[in-house]
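Data block for final19.pdb (PDB, C-alpha atoms, pLDDT in the B column):
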```
MODEL        1
ATOM      1  CA  MET A  10      -0.204 -38.627 -34.171  1.00 71.00           C
ATOM      2  CA  PRO A  11      -0.500 -42.384 -33.839  1.00 87.00           C
ATOM      3  CA  THR A  12       2.305 -44.415 -32.366  1.00 95.00           C
ATOM      4  CA  VAL A  13       3.908 -47.214 -34.369  1.00 96.00           C
ATOM      5  CA  ARG A  14       5.302 -50.181 -32.455  1.00 98.00           C
ATOM      6  CA  LEU A  15       8.208 -52.211 -33.768  1.00 96.00           C
ATOM      7  CA  ARG A  16       9.682 -55.363 -32.252  1.00 98.00           C
ATOM      8  CA  LEU A  17      13.325 -55.939 -33.063  1.00 97.00           C
ATOM      9  CA  ASP A  18      15.691 -58.828 -32.436  1.00 97.00           C
ATOM     10  CA  ALA A  19      18.280 -56.684 -30.681  1.00 97.00           C
ATOM     11  CA  PRO A  20      19.172 -56.108 -27.029  1.00 97.00           C
ATOM     12  CA  LEU A  21      17.946 -52.790 -25.658  1.00 97.00           C
ATOM     13  CA  GLY A  22      21.278 -51.214 -24.608  1.00 97.00           C
ATOM     14  CA  PRO A  23      23.179 -51.561 -27.893  1.00 97.00           C
ATOM     15  CA  LEU A  24      20.033 -50.733 -29.906  1.00 97.00           C
ATOM     16  CA  PHE A  25      19.463 -47.520 -27.944  1.00 98.00           C
ATOM     17  CA  ASP A  26      23.101 -46.468 -28.366  1.00 97.00           C
ATOM     18  CA  TYR A  27      23.008 -47.167 -32.112  1.00 97.00           C
ATOM     19  CA  LEU A  28      19.713 -45.393 -32.869  1.00 96.00           C
ATOM     20  CA  ALA A  29      20.470 -42.389 -30.642  1.00 96.00           C
ATOM     21  CA  ALA A  30      23.776 -41.607 -32.416  1.00 96.00           C
ATOM     22  CA  PRO A  31      23.050 -39.142 -35.259  1.00 96.00           C
ATOM     23  CA  ARG A  32      26.085 -40.317 -37.253  1.00 96.00           C
ATOM     24  CA  ASN A  33      24.425 -43.753 -37.658  1.00 97.00           C
ATOM     25  CA  ARG A  34      21.208 -42.379 -39.131  1.00 94.00           C
ATOM     26  CA  PRO A  35      22.075 -42.750 -42.826  1.00 96.00           C
ATOM     27  CA  GLU A  36      22.529 -46.489 -42.151  1.00 96.00           C
ATOM     28  CA  TRP A  37      18.886 -46.931 -41.070  1.00 93.00           C
ATOM     29  CA  GLN A  38      17.006 -43.892 -42.427  1.00 92.00           C
ATOM     30  CA  SER A  39      16.628 -44.414 -46.172  1.00 94.00           C
ATOM     31  CA  SER A  40      15.741 -40.757 -46.896  1.00 93.00           C
ATOM     32  CA  LEU A  41      19.197 -39.525 -45.816  1.00 95.00           C
ATOM     33  CA  ARG A  42      22.365 -39.051 -47.812  1.00 96.00           C
ATOM     34  CA  ARG A  43      24.344 -38.048 -44.719  1.00 97.00           C
ATOM     35  CA  VAL A  44      24.356 -35.963 -41.544  1.00 97.00           C
ATOM     36  CA  ASP A  45      26.477 -32.814 -41.197  1.00 97.00           C
ATOM     37  CA  GLU A  46      27.835 -30.684 -38.362  1.00 97.00           C
ATOM     38  CA  VAL A  47      27.048 -33.152 -35.568  1.00 96.00           C
ATOM     39  CA  SER A  48      27.719 -31.492 -32.200  1.00 97.00           C
ATOM     40  CA  GLY A  49      27.620 -34.560 -29.927  1.00 93.00           C
ATOM     41  CA  SER A  50      27.005 -38.297 -29.740  1.00 93.00           C
ATOM     42  CA  GLY A  51      23.223 -38.256 -29.268  1.00 94.00           C
ATOM     43  CA  GLU A  52      22.862 -37.000 -25.712  1.00 96.00           C
ATOM     44  CA  LEU A  53      20.551 -34.129 -24.730  1.00 97.00           C
ATOM     45  CA  GLY A  54      21.368 -30.996 -26.729  1.00 97.00           C
ATOM     46  CA  THR A  55      23.174 -32.770 -29.574  1.00 98.00           C
ATOM     47  CA  THR A  56      22.497 -30.960 -32.862  1.00 98.00           C
ATOM     48  CA  TRP A  57      23.058 -31.792 -36.548  1.00 97.00           C
ATOM     49  CA  TYR A  58      21.745 -31.316 -40.065  1.00 97.00           C
ATOM     50  CA  ASP A  59      20.053 -34.130 -41.976  1.00 96.00           C
ATOM     51  CA  VAL A  60      21.001 -33.995 -45.650  1.00 96.00           C
ATOM     52  CA  THR A  61      18.128 -35.735 -47.414  1.00 95.00           C
ATOM     53  CA  MET A  62      17.906 -37.430 -50.801  1.00 95.00           C
ATOM     54  CA  VAL A  63      15.503 -34.698 -52.031  1.00 95.00           C
ATOM     55  CA  GLY A  64      17.753 -31.813 -50.942  1.00 92.00           C
ATOM     56  CA  ALA A  65      16.060 -30.740 -47.711  1.00 93.00           C
ATOM     57  CA  ARG A  66      18.532 -29.913 -44.943  1.00 96.00           C
ATOM     58  CA  PRO A  67      16.615 -29.701 -41.644  1.00 96.00           C
ATOM     59  CA  TRP A  68      18.362 -28.744 -38.406  1.00 98.00           C
ATOM     60  CA  LEU A  69      17.711 -31.205 -35.564  1.00 97.00           C
ATOM     61  CA  GLU A  70      18.299 -31.242 -31.822  1.00 98.00           C
ATOM     62  CA  VAL A  71      17.956 -33.977 -29.210  1.00 98.00           C
ATOM     63  CA  SER A  72      15.142 -32.701 -26.978  1.00 98.00           C
ATOM     64  CA  ASP A  73      14.883 -35.604 -24.503  1.00 98.00           C
ATOM     65  CA  TYR A  74      17.435 -38.248 -23.587  1.00 97.00           C
ATOM     66  CA  GLN A  75      16.818 -41.003 -21.058  1.00 98.00           C
ATOM     67  CA  PRO A  76      19.332 -43.791 -21.763  1.00 97.00           C
ATOM     68  CA  GLY A  77      17.678 -47.141 -22.370  1.00 96.00           C
ATOM     69  CA  GLU A  78      14.191 -45.622 -22.130  1.00 98.00           C
ATOM     70  CA  LEU A  79      13.501 -42.642 -24.385  1.00 98.00           C
ATOM     71  CA  TRP A  80      15.145 -40.578 -27.108  1.00 97.00           C
ATOM     72  CA  ALA A  81      13.463 -37.576 -28.761  1.00 98.00           C
ATOM     73  CA  GLU A  82      14.398 -34.961 -31.311  1.00 97.00           C
ATOM     74  CA  HIS A  83      12.952 -31.735 -32.656  1.00 98.00           C
ATOM     75  CA  GLY A  84      13.669 -30.449 -36.157  1.00 97.00           C
ATOM     76  CA  ARG A  85      13.133 -27.269 -38.198  1.00 96.00           C
ATOM     77  CA  TRP A  86      13.310 -26.500 -41.906  1.00 95.00           C
ATOM     78  CA  HIS A  87      11.818 -23.496 -43.778  1.00 93.00           C
ATOM     79  CA  GLY A  88       8.829 -22.945 -41.456  1.00 92.00           C
ATOM     80  CA  LEU A  89       8.150 -26.653 -40.919  1.00 93.00           C
ATOM     81  CA  GLU A  90       8.781 -28.393 -37.623  1.00 96.00           C
ATOM     82  CA  ALA A  91       8.787 -32.036 -36.640  1.00 95.00           C
ATOM     83  CA  SER A  92       9.277 -34.141 -33.553  1.00 97.00           C
ATOM     84  CA  LEU A  93      10.278 -37.769 -33.207  1.00 96.00           C
ATOM     85  CA  VAL A  94       9.902 -39.663 -29.934  1.00 97.00           C
ATOM     86  CA  VAL A  95      11.185 -43.215 -29.547  1.00 97.00           C
ATOM     87  CA  ARG A  96      10.378 -45.175 -26.389  1.00 98.00           C
ATOM     88  CA  PHE A  97      12.362 -48.356 -25.745  1.00 98.00           C
ATOM     89  CA  SER A  98      11.008 -51.389 -23.851  1.00 98.00           C
ATOM     90  CA  PRO A  99      12.884 -54.636 -23.269  1.00 97.00           C
ATOM     91  CA  LEU A 100      11.232 -57.872 -24.393  1.00 97.00           C
ATOM     92  CA  GLY A 101      13.567 -60.243 -22.615  1.00 92.00           C
ATOM     93  CA  GLU A 102      17.341 -60.035 -22.963  1.00 91.00           C
ATOM     94  CA  ARG A 103      17.598 -60.042 -26.765  1.00 96.00           C
ATOM     95  CA  ARG A 104      14.479 -58.285 -28.043  1.00 98.00           C
ATOM     96  CA  THR A 105      13.307 -54.695 -27.820  1.00 98.00           C
ATOM     97  CA  GLU A 106      10.049 -52.952 -28.600  1.00 98.00           C
ATOM     98  CA  LEU A 107      10.165 -49.420 -29.990  1.00 98.00           C
ATOM     99  CA  ALA A 108       7.156 -47.131 -29.691  1.00 98.00           C
ATOM    100  CA  VAL A 109       7.718 -44.425 -32.323  1.00 97.00           C
ATOM    101  CA  THR A 110       5.692 -41.222 -32.589  1.00 97.00           C
ATOM    102  CA  VAL A 111       6.276 -38.581 -35.283  1.00 95.00           C
ATOM    103  CA  ASP A 112       4.505 -35.236 -35.470  1.00 96.00           C
ATOM    104  CA  PHE A 113       4.739 -32.416 -38.062  1.00 93.00           C
ATOM    105  CA  TRP A 114       3.442 -28.837 -38.076  1.00 95.00           C
ATOM    106  CA  GLY A 115       4.124 -25.568 -39.841  1.00 93.00           C
ATOM    107  CA  ARG A 116       3.224 -21.941 -40.433  1.00 82.00           C
ATOM    108  CA  GLY A 117       1.319 -20.461 -43.325  1.00 65.00           C
TER     109      GLY A 117
ENDMDL
END
```

Would you mind giving the structure from this file in structure tokens?
Amino acid sequence: MPTVRLRLDAPLGPLFDYLAAPRNRPEWQSSLRRVDEVSGSGELGTTWYDVTMVGARPWLEVSDYQPGELWAEHGRWHGLEASLVVRFSPLGERRTELAVTVDFWGRG
């Protein structure tokens, strides 16, 4: 899948902490109503359920966690799987570039 690059006016450390915390996701991911059953704060092995606007309820797990550098998750729902990888790069003290890659696959 192609990688999308975003440049944000936010310092890397606080941005990483905010985006990596599953409980914050409904604030920035418009397809979510809420997250349920969060098992951690976003570190490796954290799991949760996304509760989407259309009723899907995929289970997700943090699959890679490198503070300030990389955050990745893997999700499953009814035979479909997805991965999200976000790489963080500082652009000075107050700007950050995100390199975001999403991939989907399934059975049947």

Query raised in the report: Leaving out Val13 of chain A and any residue of its chain fewer than 2 positions from it, which residues lie within 12 Å of it when counting all atoms listed in the file, given as JSON, numbers by chain?
Result: {"A": [10, 11, 15, 16, 93, 94, 95, 96, 106, 107, 108, 109, 110, 111]}

Query raised in the report: Counting only C-alpha atoms, what is within 9 Å of Arg104 of chain A, bar same-chain residues fewer than 2 positions away, as a list in words?
Result: Arg16, Leu17, Asp18, Ala19, Pro20, Leu21, Ser98, Pro99, Leu100, Gly101, Glu102 and Glu106 of chain A

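The space separating atom CA of Gly84 of chain A from atom CA of Tyr58 of chain A comes to 9.0 Å.
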
Query raised in the report: Written as a PyMOL selection string, which residues does the PyMOL selection byres ((chain A and resi 39) around 12) give for the file shown?
Result: chain A and resi 33-38+40-43+59-63

**Report entry** Length of the atom CA of Thr105 of chain A to atom CA of Ser48 of chain A vector [Å]
**Finding:**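 Atom CA of Ser48 of chain A lies at a distance of 27.7 Å from atom CA of Thr105 of chain A.
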
Report task. Please evaluate the PyMOL selection byres ((chain A and resi 57) around 6) against the structure above and give the resulting residues as a list in words. Result ->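 Against this file, the PyMOL selection byres ((chain A and resi 57) around 6) returns the residues Asp45, Glu46, Val47, Thr56, Tyr58, Trp68 and Leu69 of chain A.
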
Query raised in the report: From the set A:Val71, A:Ala91, A:Leu79, A:Val44, which residue has the shortest atom-to-atom contact distance to Gly22 of chain A, counting only C-alpha atoms?
Result: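 Among the listed residues, the smallest separation from Gly22 of chain A belongs to A:Leu79.
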
**Report entry** Coordinates-based distance that separates atom CA of Gly88 of chain A from atom CA of Arg116 of chain A (Å, one decimal)
**Finding:** 5.8 Å
